[in-house]
Every structure is written in structure tokens, then in C-alpha cells.
file start06.cif (mmCIF, C-alpha atoms and all ligand atoms)
data_run
#
loop_
_atom_site.label_atom_id
_atom_site.label_comp_id
_atom_site.auth_asym_id
_atom_site.auth_seq_id
_atom_site.Cartn_x
_atom_site.Cartn_y
_atom_site.Cartn_z
CA MET A 1 7.60 26.03 -49.09
CA THR A 2 7.23 23.49 -46.31
CA THR A 3 6.21 24.22 -42.76
CA PRO A 4 9.03 23.43 -40.35
CA MET A 5 8.45 20.36 -38.21
CA LEU A 6 7.38 21.26 -34.73
CA ASP A 7 9.03 19.45 -31.91
CA PRO A 8 6.20 17.31 -30.51
CA ILE A 9 7.66 17.36 -27.02
CA ALA A 10 8.09 21.13 -26.87
CA MET A 11 4.56 21.47 -28.28
CA THR A 12 3.01 19.49 -25.49
CA PRO A 13 1.49 21.77 -22.88
CA PRO A 14 2.17 20.81 -19.25
CA THR A 15 -0.62 18.36 -18.52
CA THR A 16 0.39 16.95 -15.17
CA VAL A 17 -1.49 18.38 -12.24
CA ALA A 18 0.60 19.15 -9.17
CA ALA A 19 -0.37 17.51 -5.88
CA LEU A 20 -0.10 20.95 -4.32
CA ALA A 21 0.52 24.39 -5.70
CA ALA A 22 0.69 27.81 -4.12
CA ILE A 23 0.39 30.85 -6.38
CA ASP A 24 1.64 34.18 -5.03
CA VAL A 25 0.38 33.49 -1.52
CA HIS A 26 0.43 36.46 0.84
CA LYS A 27 -0.59 36.43 4.48
CA SER A 28 -0.83 39.52 6.63
CA LEU A 29 -2.42 40.10 10.02
CA PRO A 30 -3.57 43.31 11.70
CA LEU A 31 -1.13 44.62 14.29
CA GLY A 32 -2.38 47.78 16.01
CA ARG A 33 -2.93 50.32 13.26
CA THR A 34 -0.75 48.53 10.74
CA ARG A 35 -0.45 44.99 9.47
CA ILE A 36 2.39 42.54 9.70
CA GLU A 37 3.22 40.62 6.56
CA ILE A 38 4.02 37.01 7.38
CA LEU A 39 4.08 35.55 3.86
CA LYS A 40 5.22 37.85 1.06
CA GLY A 41 4.37 36.05 -2.16
CA ILE A 42 5.01 32.31 -2.05
CA THR A 43 4.77 30.38 -5.30
CA LEU A 44 5.58 26.69 -5.29
CA ARG A 45 4.60 23.42 -6.89
CA ILE A 46 4.85 19.99 -5.30
CA GLU A 47 4.45 16.89 -7.45
CA HIS A 48 2.56 13.72 -6.57
CA GLY A 49 4.79 11.38 -4.60
CA GLU A 50 7.38 14.02 -3.74
CA PHE A 51 8.86 14.39 -0.26
CA VAL A 52 9.60 18.09 0.22
CA ALA A 53 11.21 19.61 3.29
CA ILE A 54 10.32 23.19 4.22
CA VAL A 55 13.32 24.69 6.00
CA GLY A 56 14.32 28.11 7.25
CA PRO A 57 14.84 30.08 10.45
CA SER A 58 12.32 30.16 13.26
CA GLY A 59 9.70 32.84 12.61
CA SER A 60 10.22 32.77 8.82
CA GLY A 61 6.63 31.66 8.11
CA LYS A 62 6.87 27.86 7.75
CA SER A 63 3.98 26.99 10.06
CA THR A 64 1.81 29.72 8.55
CA LEU A 65 2.51 28.37 5.07
CA LEU A 66 1.71 24.78 6.10
CA GLY A 67 -1.59 25.87 7.67
CA ILE A 68 -2.56 27.62 4.44
CA ILE A 69 -1.64 24.78 2.09
CA ALA A 70 -3.51 22.37 4.38
CA GLY A 71 -6.62 24.53 4.09
CA LEU A 72 -6.72 25.33 7.81
CA ASP A 73 -6.00 29.01 7.28
CA ILE A 74 -6.77 31.29 4.35
CA PRO A 75 -4.27 33.45 2.51
CA THR A 76 -4.87 37.21 2.41
CA THR A 77 -4.32 36.99 -1.36
CA GLY A 78 -3.18 34.22 -3.67
CA GLN A 79 -4.35 30.70 -4.40
CA VAL A 80 -3.71 27.18 -3.16
CA LEU A 81 -4.45 24.31 -5.52
CA VAL A 82 -4.87 20.74 -4.30
CA ASP A 83 -4.87 18.39 -7.30
CA GLY A 84 -5.55 21.43 -9.45
CA THR A 85 -8.58 22.60 -7.44
CA ASP A 86 -8.48 26.01 -5.78
CA ILE A 87 -9.24 25.39 -2.09
CA THR A 88 -9.14 29.08 -1.14
CA ARG A 89 -12.58 29.57 -2.68
CA MET A 90 -14.22 26.50 -1.20
CA ARG A 91 -16.99 26.63 1.36
CA GLU A 92 -16.13 25.12 4.73
CA GLY A 93 -18.07 21.86 4.19
CA GLN A 94 -16.43 21.22 0.84
CA LEU A 95 -13.01 22.11 2.22
CA ALA A 96 -13.45 19.83 5.23
CA ALA A 97 -14.18 16.95 2.83
CA VAL A 98 -11.00 17.64 0.82
CA ARG A 99 -8.98 17.77 4.04
CA ASN A 100 -10.45 14.53 5.37
CA GLN A 101 -10.05 12.64 2.09
CA LYS A 102 -6.77 13.96 0.74
CA ILE A 103 -4.74 15.62 3.48
CA GLY A 104 -3.25 14.39 6.74
CA MET A 105 -1.77 16.98 9.06
CA VAL A 106 0.55 16.78 12.05
CA PHE A 107 0.74 20.00 14.02
CA GLN A 108 3.60 21.35 16.09
CA ALA A 109 1.28 21.11 19.11
CA PHE A 110 -0.12 17.61 18.79
CA ASN A 111 -3.79 18.61 19.27
CA LEU A 112 -4.74 15.24 20.72
CA ILE A 113 -8.07 15.05 22.51
CA PRO A 114 -7.20 14.72 26.22
CA THR A 115 -10.21 12.61 27.24
CA LEU A 116 -9.64 9.95 24.57
CA THR A 117 -7.10 7.12 24.55
CA ALA A 118 -4.29 6.90 21.98
CA GLN A 119 -6.31 4.39 19.96
CA GLU A 120 -9.47 6.51 20.06
CA ASN A 121 -7.52 9.61 18.97
CA VAL A 122 -6.25 7.70 15.94
CA GLU A 123 -9.75 6.41 15.12
CA ILE A 124 -11.28 9.90 14.88
CA PRO A 125 -10.46 10.72 11.24
CA LEU A 126 -11.87 7.33 10.21
CA TYR A 127 -15.26 8.27 11.66
CA VAL A 128 -15.33 11.64 9.92
CA GLY A 129 -15.26 10.55 6.28
CA LYS A 130 -16.23 7.40 4.44
CA HIS A 131 -13.49 4.98 5.41
CA PRO A 132 -14.44 1.30 5.27
CA GLY A 133 -13.28 -1.38 7.69
CA SER A 134 -12.86 -1.64 11.44
CA THR A 135 -11.73 1.69 12.87
CA ALA A 136 -10.29 0.00 15.97
CA GLN A 137 -8.20 -2.43 13.93
CA GLN A 138 -6.87 0.25 11.58
CA ALA A 139 -5.95 2.49 14.52
CA ARG A 140 -4.16 -0.39 16.25
CA GLU A 141 -2.21 -1.26 13.08
CA MET A 142 -1.11 2.34 12.63
CA LEU A 143 -0.09 2.65 16.28
CA ALA A 144 1.92 -0.58 15.94
CA LEU A 145 3.78 1.03 13.01
CA VAL A 146 4.88 3.91 15.25
CA GLY A 147 5.86 1.49 18.04
CA LEU A 148 2.95 2.18 20.37
CA SER A 149 1.15 -1.17 20.58
CA HIS A 150 1.71 -1.09 24.35
CA ARG A 151 0.08 2.34 24.75
CA LEU A 152 -3.30 1.88 23.02
CA LYS A 153 -5.38 2.58 26.13
CA ASN A 154 -3.33 5.49 27.50
CA ARG A 155 -4.68 9.02 27.40
CA PRO A 156 -2.36 11.84 26.18
CA ASN A 157 -1.43 12.95 29.73
CA GLN A 158 -0.23 9.39 30.37
CA LEU A 159 2.14 9.55 27.39
CA SER A 160 5.54 11.21 26.96
CA GLY A 161 5.96 14.09 24.48
CA GLY A 162 7.54 11.73 21.96
CA GLU A 163 4.73 9.20 22.35
CA GLN A 164 2.11 11.92 21.88
CA GLN A 165 3.90 13.01 18.73
CA ARG A 166 3.80 9.46 17.38
CA VAL A 167 0.07 9.24 18.13
CA ALA A 168 -0.38 12.45 16.12
CA VAL A 169 1.62 10.94 13.24
CA ALA A 170 -0.51 7.76 13.36
CA ARG A 171 -3.70 9.86 13.35
CA ALA A 172 -2.50 11.79 10.27
CA LEU A 173 -1.63 8.61 8.37
CA VAL A 174 -4.54 6.33 9.31
CA THR A 175 -6.80 7.43 6.44
CA HIS A 176 -3.93 6.93 3.94
CA PRO A 177 -4.17 10.50 2.67
CA ALA A 178 -2.52 11.34 -0.67
CA ILE A 179 -0.82 14.36 0.91
CA VAL A 180 0.68 14.47 4.40
CA ILE A 181 1.69 17.83 5.86
CA MET A 182 3.79 17.79 9.01
CA ASP A 183 5.11 20.61 11.16
CA GLU A 184 8.35 19.55 12.88
CA PRO A 185 7.29 15.88 13.25
CA THR A 186 10.57 14.87 14.86
CA GLY A 187 11.02 18.07 16.86
CA ASN A 188 10.34 16.47 20.25
CA LEU A 189 11.68 13.00 19.54
CA ASP A 190 14.93 11.35 20.54
CA LYS A 191 17.19 9.93 17.81
CA GLN A 192 15.59 6.47 17.84
CA ASN A 193 11.98 7.65 17.60
CA GLY A 194 12.94 10.36 15.11
CA ASP A 195 14.50 7.68 12.91
CA ASN A 196 11.35 5.52 13.27
CA VAL A 197 9.12 8.35 12.07
CA LEU A 198 11.50 9.18 9.22
CA ASN A 199 11.67 5.54 8.11
CA MET A 200 7.87 5.36 8.15
CA ILE A 201 7.69 8.44 5.95
CA ARG A 202 10.15 6.98 3.45
CA ASP A 203 8.41 3.57 3.38
CA LEU A 204 5.04 5.18 2.77
CA GLN A 205 6.46 7.40 0.06
CA ARG A 206 8.02 4.41 -1.70
CA GLN A 207 5.15 1.95 -1.22
CA THR A 208 2.09 4.18 -1.59
CA GLY A 209 3.36 7.25 -3.45
CA THR A 210 2.19 9.52 -0.62
CA THR A 211 3.24 13.16 -1.01
CA PHE A 212 4.98 14.60 2.07
CA VAL A 213 5.47 18.27 2.90
CA ILE A 214 7.42 18.60 6.12
CA ALA A 215 8.64 21.69 7.94
CA THR A 216 11.75 20.72 9.85
CA HIS A 217 14.89 21.82 11.62
CA ASP A 218 16.11 18.23 11.69
CA PRO A 219 19.05 17.77 9.29
CA ASN A 220 18.22 14.03 8.98
CA VAL A 221 14.72 14.81 7.72
CA ALA A 222 15.93 17.52 5.34
CA ALA A 223 18.62 15.18 3.98
CA ALA A 224 16.07 12.40 3.38
CA ALA A 225 13.76 14.68 1.39
CA ASP A 226 13.78 14.80 -2.42
CA ARG A 227 14.19 18.55 -2.20
CA ALA A 228 14.13 21.38 0.30
CA ILE A 229 12.33 24.70 -0.05
CA ARG A 230 13.91 27.39 2.09
CA ILE A 231 11.71 30.12 3.54
CA VAL A 232 13.36 33.29 4.82
CA ASP A 233 11.29 36.23 6.07
CA GLY A 234 8.12 35.10 4.31
CA ARG A 235 9.72 34.47 0.94
CA ILE A 236 11.28 31.53 -0.86
CA ALA A 237 15.05 31.94 -0.70
CA GLU A 238 17.15 30.70 -3.62
P1 LIG B 301 7.93 29.43 11.67
O1 LIG B 301 7.00 28.25 11.66
O2 LIG B 301 8.83 29.49 10.47
O3 LIG B 301 8.73 29.51 12.94
P2 LIG B 301 5.50 31.02 11.84
O4 LIG B 301 4.75 30.77 10.58
O5 LIG B 301 5.03 30.33 13.06
O6 LIG B 301 7.06 30.77 11.59
O7 LIG B 301 5.47 32.57 12.14
C1 LIG B 301 5.93 33.54 11.21
C2 LIG B 301 5.84 34.93 11.81
O8 LIG B 301 4.48 35.30 11.95
C3 LIG B 301 6.44 35.05 13.19
O9 LIG B 301 7.09 36.28 13.27
C4 LIG B 301 5.25 34.99 14.10
O10 LIG B 301 5.49 35.69 15.29
C5 LIG B 301 4.17 35.65 13.28
N1 LIG B 301 2.82 35.12 13.56
C6 LIG B 301 2.38 33.88 13.31
N2 LIG B 301 1.10 33.73 13.67
C7 LIG B 301 0.71 34.92 14.17
C8 LIG B 301 -0.51 35.44 14.72
N3 LIG B 301 -1.60 34.68 14.83
N4 LIG B 301 -0.52 36.74 15.11
C9 LIG B 301 0.58 37.50 15.00
N5 LIG B 301 1.75 37.09 14.50
C10 LIG B 301 1.81 35.83 14.09
MG MG B 302 6.78 26.71 13.04
#
call {"tool": "encode", "arguments": {"input": "start06.cif", "output": "C-alpha cells", "more": "lines below"}}
Ligand code: ADP
Ligand code: MG
result
Amino acid sequence: MTTPMLDPIAMTPPTTVAALAAIDVHKSLPLGRTRIEILKGITLRIEHGEFVAIVGPSGSGKSTLLGIIAGLDIPTTGQVLVDGTDITRMREGQLAAVRNQKIGMVFQAFNLIPTLTAQENVEIPLYVGKHPGSTAQQAREMLALVGLSHRLKNRPNQLSGGEQQRVAVARALVTHPAIVIMDEPTGNLDKQNGDNVLNMIRDLQRQTGTTFVIATHDPNVAAAADRAIRIVDGRIAE
């Protein structure tokens, strides 16, 4: 009797490591005597080089989820893997290094430092980790990409909302992180600047294989993504 041939492809265990994975992530916060559940079991996997839009109604948990997968917030239960490594069990120093080296983040509020110029704000992440080369030159190049060469020396309060948003995008991208997480990056931009940011995202994805995870209400951004994950009331909707 002969052993049946095993399909070599079906036999192969999944060996690729996701850029990002969330496993049954829950987030709840105390509210008076009870707790509110913001995330109710999110499991997802995002491949290297993918551009994924996170969509869903306001208040559904998108920003909370982005904060957790970026390592800025911790889940109540569940795990987040960056390149296969569980960041929910890391100590702060170790986690900060992963964030600086692998993850760029653009917040809904831009979180620019008010006393620094646009160029200086973009230089900051280059000082934090080991990033070779002239910080000033790299910051200027990135600001040129977002159309702000004429605003290098302006402080945030001397910039429009859209300009501040583009500075935040430049700051997130200047270290060339493998994963870029953005919360409504075109939310405050007019059509032209929104298109500029979207084109930058696509160019970087194509040229450098950067992974993008972007929460958005902008139909243009969602349409440009490889796939959309819809969050409704703290869960992934089918
Ligand atoms: P989205 O980004 O999809 O609009 P959020 O993640 O910001 O949603 O918020 C999800 C829900 O969690 C909302 O109902 C919001 O009010 C609530 N929430 C978020 N952060 C907090 C917090 N720190 N304390 C209490 N409730 C919060
Ligand atoms: Mg939000």
C-alpha cells in the first residue's frame, strides 16, 4: 500500500509574518461604576506593503484601534503583533524603540510642538533614534514633498490647518518607517492638498513598499486603498 501524495502547497504552514496583526483586541474604560466597551474583539492582519483603510461611523472605535496598533495605548485584553512581535508585553523603552524605528503616526490633532518651526518639528524623530545624515536636509526634502518648502521657518500658529496637517505627515514619513498609521490625514485638507497627500501615500507604497493603515471618512482615500476594514460599534463589520 502506498502513502497518498501530500499536496506540498497545502502542507506548507503559513510562514509569512504580517506587518501588523491584532488578535481579539478589547478595550474598555471605567465609566462611573461600570465600564464602557470601546473595542469588542478586533482581529485583523495587515500584510507588508498593504494600504488598508479603516472606515466606519464616528465613535465606532477607529482612533482607539489606531492608538493601540501604534503602541500608544494598551488593549484591556488581546495582543498586537508588529512583524510578529507582541508589543503589548513590551516595556516602555523597548516599545518606544519599535515605534521610532518601524512606525510613523499622524494623529487627528496634529500634536506639533508650538515653539518649534515646521522644519524643526519634522527633524524631531530623526534625533530620537539612530538615523544617519543631515536632519535639516532630510526635513527640508520631506517638507518639499508635501509642498511646504516656503514654510520651513514658520511655527504651527503661523500655518493654516491644512499646512499643519502636512507638517504632521512629513514628520511621520521622515524616518521612512515600514508602517505608517494615520488618523484622518486628509480630514482638514482641501481637494488639492488632500490629493497631494494621497498621491504621496501611493508613491511611497509603490516605491518603498511602506505599509499604510489609514482611518478615513474620505471616499477618495478609501477608494485608493487595497482594502477597507469597516468598524462598527467596536467590531469589524462584514
Ligand atoms: P472614532 O475614531 O471611530 O470616531 P473613537 O475611537 O475616537 O472613535 O471613540 C470610540 C468611542 O469611545 C466613542 O464613543 C468615544 O466617545 C469613546 N472614547 C474614546 N476615548 C475615550 C476616553 N478616553 N474616555 C471615554 N470614552 C472614550
Ligand atoms: Mg477618530
call {"tool": "residues_near_point", "arguments": {"input": "start06.cif", "point": "(-2.8, 13.9, -1.4)", "cutoff": "10 Å", "atoms": "all atoms listed in the file", "output": "VMD selection string"}}
result
chain A and resid 18 to 20 47 to 49 82 to 83 98 to 99 101 to 104 176 to 181 209 to 212
call {"tool": "residues_near_ligand", "arguments": {"input": "start06.cif", "ligand": "ligand MG 302 (chain B)", "cutoff": "9 Å", "atoms": "all atoms listed in the file", "output": "count of residues only"}}
result
13
call {"tool": "residues_near_ligand", "arguments": {"input": "start06.cif", "ligand": "ligand LIG 301 (chain B)", "cutoff": "12 Å", "atoms": "only C-alpha atoms and all ligand atoms", "output": "PyMOL selection string"}}
result
chain A and resi 26-32+34-40+54-68+73+107-109+182-184+214-217+230-236
call {"tool": "residues_near_point", "arguments": {"input": "start06.cif", "point": "(10.4, 12.8, 16.8)", "cutoff": "10 Å", "atoms": "all atoms listed in the file", "output": "ChimeraX atom specification"}}
result
/A:161-166,169,184-198,218
call {"tool": "closest_residue", "arguments": {"input": "start06.cif", "among": "A:Asn111, A:Asn199, A:Thr85, A:Thr208", "to": "Val17 of chain A", "atoms": "all atoms listed in the file"}}
result
A:Thr85
call {"tool": "atom_distance", "arguments": {"input": "start06.cif", "atom1": "atom CA of Met90 of chain A", "atom2": "atom CA of Gly71 of chain A"}}
result
9.5 Å
call {"tool": "closest_residue", "arguments": {"input": "start06.cif", "among": "A:Leu143, A:Leu44, A:Ile74, A:Leu126", "to": "Ala168 of chain A", "atoms": "all atoms listed in the file"}}
result
A:Leu143
call {"tool": "axis_aligned_box", "arguments": {"input": "start06.cif", "around": "segment 111-124 of chain A", "padding_each_side": "6 Å", "output": "AutoDock Vina command-line options"}}
result
--center_x -7.5 --center_y 11.5 --center_z 21.1 --size_x 19.5 --size_y 26.2 --size_z 24.4
call {"tool": "closest_residue", "arguments": {"input": "start06.cif", "among": "A:Ile201, A:Ile124, A:Leu148, A:Ala21", "to": "Val221 of chain A", "atoms": "only C-alpha atoms"}}
result
A:Ile201
call {"tool": "residues_around", "arguments": {"input": "start06.cif", "residues": "Ala228 of chain A", "least_positions_apart": "4", "cutoff": "9 Å", "atoms": "all atoms listed in the file", "output": "compact mmCIF listing (two decimals) with C-alpha atoms, in the frame of the given file"}}
result
# COMPACT_ATOMS: atom_id res chain seq x y z
CA PHE A 51 8.86 14.39 -0.26
CA VAL A 52 9.60 18.09 0.22
CA ALA A 53 11.21 19.61 3.29
CA ILE A 54 10.32 23.19 4.22
CA VAL A 55 13.32 24.69 6.00
CA ALA A 222 15.93 17.52 5.34
CA ALA A 223 18.62 15.18 3.98
call {"tool": "closest_residue", "arguments": {"input": "start06.cif", "among": "A:Ala96, A:Ala22, A:Met105, A:Leu116", "to": "Ala170 of chain A", "atoms": "all atoms listed in the file"}}
result
A:Met105
call {"tool": "atom_distance", "arguments": {"input": "start06.cif", "atom1": "atom CA of Leu173 of chain A", "atom2": "atom CA of Leu152 of chain A"}}
result
16.2 Å
call {"tool": "closest_residue", "arguments": {"input": "start06.cif", "among": "A:Leu81, A:Val146, A:Ile42, A:Val25", "to": "Val167 of chain A", "atoms": "all atoms listed in the file"}}
result
A:Val146
call {"tool": "closest_residue", "arguments": {"input": "start06.cif", "among": "A:Val106, A:Val122, A:Ile23, A:Leu159", "to": "Ala139 of chain A", "atoms": "all atoms listed in the file"}}
result
A:Val122
call {"tool": "atom_distance", "arguments": {"input": "start06.cif", "atom1": "atom CA of Asn100 of chain A", "atom2": "atom CA of Gly129 of chain A"}}
result
6.3 Å
call {"tool": "build_atoms", "arguments": {"input": "start06.cif", "residues": "segment 156-174 of chain A", "atoms": "N, CA and C atoms", "output": "PDB file, in the coordinates of the input"}}
result
ATOM      1  N   PRO A 156      -3.544  11.014  26.461  1.00  0.00           N
ATOM      2  CA  PRO A 156      -2.360  11.840  26.180  1.00  0.00           C
ATOM      3  C   PRO A 156      -1.546  12.220  27.415  1.00  0.00           C
ATOM      4  N   ASN A 157      -2.216  12.550  28.543  1.00  0.00           N
ATOM      5  CA  ASN A 157      -1.430  12.950  29.730  1.00  0.00           C
ATOM      6  C   ASN A 157      -0.706  11.774  30.381  1.00  0.00           C
ATOM      7  N   GLN A 158      -0.964  10.570  29.882  1.00  0.00           N
ATOM      8  CA  GLN A 158      -0.230   9.390  30.370  1.00  0.00           C
ATOM      9  C   GLN A 158       0.855   8.970  29.376  1.00  0.00           C
ATOM     10  N   LEU A 159       1.134   9.852  28.414  1.00  0.00           N
ATOM     11  CA  LEU A 159       2.140   9.550  27.390  1.00  0.00           C
ATOM     12  C   LEU A 159       3.230  10.617  27.424  1.00  0.00           C
ATOM     13  N   SER A 160       4.452  10.236  27.052  1.00  0.00           N
ATOM     14  CA  SER A 160       5.540  11.210  26.960  1.00  0.00           C
ATOM     15  C   SER A 160       5.306  12.092  25.734  1.00  0.00           C
ATOM     16  N   GLY A 161       6.060  13.196  25.635  1.00  0.00           N
ATOM     17  CA  GLY A 161       5.960  14.090  24.480  1.00  0.00           C
ATOM     18  C   GLY A 161       6.194  13.346  23.171  1.00  0.00           C
ATOM     19  N   GLY A 162       7.224  12.498  23.174  1.00  0.00           N
ATOM     20  CA  GLY A 162       7.540  11.730  21.960  1.00  0.00           C
ATOM     21  C   GLY A 162       6.434  10.762  21.591  1.00  0.00           C
ATOM     22  N   GLU A 163       5.832  10.138  22.619  1.00  0.00           N
ATOM     23  CA  GLU A 163       4.730   9.200  22.350  1.00  0.00           C
ATOM     24  C   GLU A 163       3.506   9.941  21.803  1.00  0.00           C
ATOM     25  N   GLN A 164       3.236  11.120  22.387  1.00  0.00           N
ATOM     26  CA  GLN A 164       2.110  11.920  21.880  1.00  0.00           C
ATOM     27  C   GLN A 164       2.338  12.303  20.419  1.00  0.00           C
ATOM     28  N   GLN A 165       3.580  12.633  20.111  1.00  0.00           N
ATOM     29  CA  GLN A 165       3.900  13.010  18.730  1.00  0.00           C
ATOM     30  C   GLN A 165       3.656  11.831  17.782  1.00  0.00           C
ATOM     31  N   ARG A 166       4.019  10.633  18.235  1.00  0.00           N
ATOM     32  CA  ARG A 166       3.800   9.460  17.380  1.00  0.00           C
ATOM     33  C   ARG A 166       2.317   9.135  17.224  1.00  0.00           C
ATOM     34  N   VAL A 167       1.521   9.402  18.266  1.00  0.00           N
ATOM     35  CA  VAL A 167       0.070   9.240  18.130  1.00  0.00           C
ATOM     36  C   VAL A 167      -0.460  10.218  17.063  1.00  0.00           C
ATOM     37  N   ALA A 168       0.050  11.453  17.097  1.00  0.00           N
ATOM     38  CA  ALA A 168      -0.380  12.450  16.120  1.00  0.00           C
ATOM     39  C   ALA A 168       0.006  12.033  14.694  1.00  0.00           C
ATOM     40  N   VAL A 169       1.185  11.425  14.560  1.00  0.00           N
ATOM     41  CA  VAL A 169       1.620  10.940  13.240  1.00  0.00           C
ATOM     42  C   VAL A 169       0.693   9.805  12.789  1.00  0.00           C
ATOM     43  N   ALA A 170       0.390   8.883  13.703  1.00  0.00           N
ATOM     44  CA  ALA A 170      -0.510   7.760  13.360  1.00  0.00           C
ATOM     45  C   ALA A 170      -1.885   8.288  12.954  1.00  0.00           C
ATOM     46  N   ARG A 171      -2.384   9.292  13.669  1.00  0.00           N
ATOM     47  CA  ARG A 171      -3.700   9.860  13.350  1.00  0.00           C
ATOM     48  C   ARG A 171      -3.697  10.502  11.957  1.00  0.00           C
ATOM     49  N   ALA A 172      -2.571  11.144  11.583  1.00  0.00           N
ATOM     50  CA  ALA A 172      -2.500  11.790  10.270  1.00  0.00           C
ATOM     51  C   ALA A 172      -2.443  10.762   9.145  1.00  0.00           C
ATOM     52  N   LEU A 173      -1.869   9.582   9.433  1.00  0.00           N
ATOM     53  CA  LEU A 173      -1.630   8.610   8.370  1.00  0.00           C
ATOM     54  C   LEU A 173      -2.733   7.566   8.247  1.00  0.00           C
ATOM     55  N   VAL A 174      -3.614   7.464   9.238  1.00  0.00           N
ATOM     56  CA  VAL A 174      -4.540   6.330   9.310  1.00  0.00           C
ATOM     57  C   VAL A 174      -5.541   6.281   8.155  1.00  0.00           C
TER      58      VAL A 174
END
